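J.: Pasting a structure here, questions to come.
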Amino acid sequence: MAKLDENGLSKGARTLLLVGVLMVSVNLRPALSSIGPLIDMIRFDVKLSDTLLGLLTTLPLLAFGVVSTITPLFTKRFGIGNTILGSLILLALGISIRSVGGVFNLYFGTILLGVAIAFGNVLIPALIKRNFPERAGFVTSLFSGVLSLGAAFAAGLSVPLAIEMDLGWRGSLAVWAILAVLAIMFWIPSIKNIKRTKPSRSFKVAMKKLSGSLLVWKLAFYMGLQSAAFYVTVAWLPAILLDRGYDASYAGWMLSLSQTTGIIGAILVPIWAGYRKDQRLVIAVLAILEIIALAGLMLPDIGLVGLWIGLLGVALGGTFGLALLLIVLRSEDSETAAELSGIVQSIGYFIAAAGPFLVGVIYDVTRIWNYALVLLIVFAVAKLILGLDAGRDRKV
């Protein structure tokens, strides 16, 4: 008889669940990272300002902020498995709507896919805490690595799909609905392996407890500043390179490079941090790498663009994986992990939502991209200060 774990699952069932988790993970960024390289095409076609184009990245973050907090309400009623299934269906629908019709569909579909992705963002860390507690660092590294892989492919393929495959920007964005449908097919068999448990406390009680914790707020701001830096990069890095004379294909592949090196950070950092009781050293190393990379990008005359973007990707990918791992490590159990993940990501993404929009406004006013890079350096310094406390070994 096969040995069962504490959740009553065999090794085969755990493997099937892990595959399902990774299929969900790979869908959590392509709908977002595919926008940046296509910004010029969208601008030309629908005649929007940089500020309004920035909303295409900001709106999903606002959706993350609204939905993340209330996600535990859905899981307490429908369970984690069914909630994720519903989110995948909504994701495919949102991508499809965004890719057809006019400006209204562009923004409405963007909101829907943002809502869908928010559920996956919140619930995967809770699943890791519940079903893979002894290997949290390793599984978090797989989750964040596959997530970054999806972002990298989408960023790099967006322009070739639009131009070389003659799909246009709408068709290029629509392709990622196919990936969501595949995830649905893989996820349905996984649902039976996620046992429903009775909640030990109400949503109101949990939120009251968590919102009163200073550690929760530090984790939330750390997550928010990390996400702001990531989404500013996704939204505006291609535009920065285009402004400096590079072509659209090169700009898209440089964004893809940042996402690809982000995979390295997203895989290695959670494993490294997971073996440590205290994560402060990891946080400091990532912050220093990020500041060096941003400073290099501010000095175009010295070149080495690929090096700076590669380092930035490692830092941002590693910080993202670490932020997710901190949610798992600072939680006592899977129920707390879901609640903590919800409130941290809700507050964090409200903070992050200001990033791409603010950068769009700054550039509209100044026409100088270095101001945006200065803003990201300020974010990195703030993450260092917050992380040096949030990285200490303790529970919420």
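Identifiers in this document derive from the order of the structure tokens: chains are assigned A, B, ..., residues are numbered from 1 separately in each chain, and ligands are numbered from 1 in order of occurrence.
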Could you give me, as a VMD selection string, the residues within 8 Å of stretch 259-261 of chain A, counting only C-alpha atoms and dropping anything in the same chain fewer than 4 positions from it?
T.: chain A and resid 148 to 149 151 to 152 155 255 265 310 to 311 313 to 314 317
J.: I want to know what sits within 12 Å of A:Met41, based on only C-alpha atoms, with residues of the same chain fewer than 2 positions away left out; could you give that as a PyMOL selection string?
T.: chain A and resi 35-39+43-48+53+158-159+162-163+168-170+172-173+239+248
J.: Pick out the closest residue to A:Ala183 from this set: A:Ala206, A:Ala323, A:Met23, A:Leu304. Count only C-alpha atoms.
T.: A:Met23
J.: Go through stretch 99-309 of chain A and collect every residue that DSSP, computed from the backbone, puts in alpha helix (DSSP H); the answer should be as an MDAnalysis selection string.
T.: chainID A and resid 103:131 136:163 168:174 176:191 203:211 214:243 248:274 280:297 305:309
J.: Can you tell me how far atom CA of A:Ile327 sits from atom CA of A:Phe74, in Å to one decimal?
T.: 19.5 Å
J.: Tell me, as a list in words, which residues lie within 9 Å of A:Arg280, counting only C-alpha atoms; anything in the same chain fewer than 6 positions away does not count.
T.: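 Residues meeting the cut-off are Leu384, Gly387, Leu388, Asp389, Ala390, Gly391 and Arg392 of chain A.
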J.: Those selected residues, please, written with C-alpha atoms and delivered as a PDB file, in the first residue's frame.
T.:
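Below is the file that was written, again.pdb:
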```pdb
ATOM      1  CA  LEU A 384      15.907  46.876   2.061  1.00  0.00           C
ATOM      2  CA  GLY A 387      13.030  43.555   4.660  1.00  0.00           C
ATOM      3  CA  LEU A 388      15.668  43.734   7.359  1.00  0.00           C
ATOM      4  CA  ASP A 389      12.845  43.381   9.908  1.00  0.00           C
ATOM      5  CA  ALA A 390      10.418  41.191   7.932  1.00  0.00           C
ATOM      6  CA  GLY A 391      13.244  38.723   7.277  1.00  0.00           C
ATOM      7  CA  ARG A 392      13.658  37.790  10.951  1.00  0.00           C
TER       8      ARG A 392
END
```
J.: Find the spatial neighbours of stretch 210-224 of chain A, counting only C-alpha atoms, within a cut-off of 8 Å - ignore same-chain residues fewer than 6 positions away - and output them as a list in words.
T.: Phe320, Ala323, Leu326, Ile327, Leu340, Ile343, Val344, Gln345, Ser346, Ile347, Gly348, Tyr349, Phe350, Ile351, Ala352, Lys383, Leu386, Gly387, Asp389, Ala390 and Val396 of chain A
J.: Contacts of A:Leu9 at 12 Å or less, counting only C-alpha atoms, minus same-chain residues fewer than 5 places along, as a PyMOL selection string?
T.: chain A and resi 2-4+14-18+130-132+190+192-195
J.: Atom CA of A:Ala154 and atom CA of A:Ser33 are how many Å apart?
T.: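 We find that atom CA of A:Ala154 and atom CA of A:Ser33 lie 6.1 Å from each other.
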J.: Please provide the set of residues having any atom within 7 Å of A:Lys395, restricted to only C-alpha atoms, with same-chain residues fewer than 4 positions apart removed, written as a list in words.
T.: Arg330, Ser331 and Glu332 of chain A
J.: In terms of the shortest atom-to-atom distance over only C-alpha atoms, which of A:Val305, A:Leu73, A:Val378, A:Leu268 is closest to A:Arg201?
T.: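 Using only C-alpha atoms, A:Arg201 sits closest to A:Leu73.
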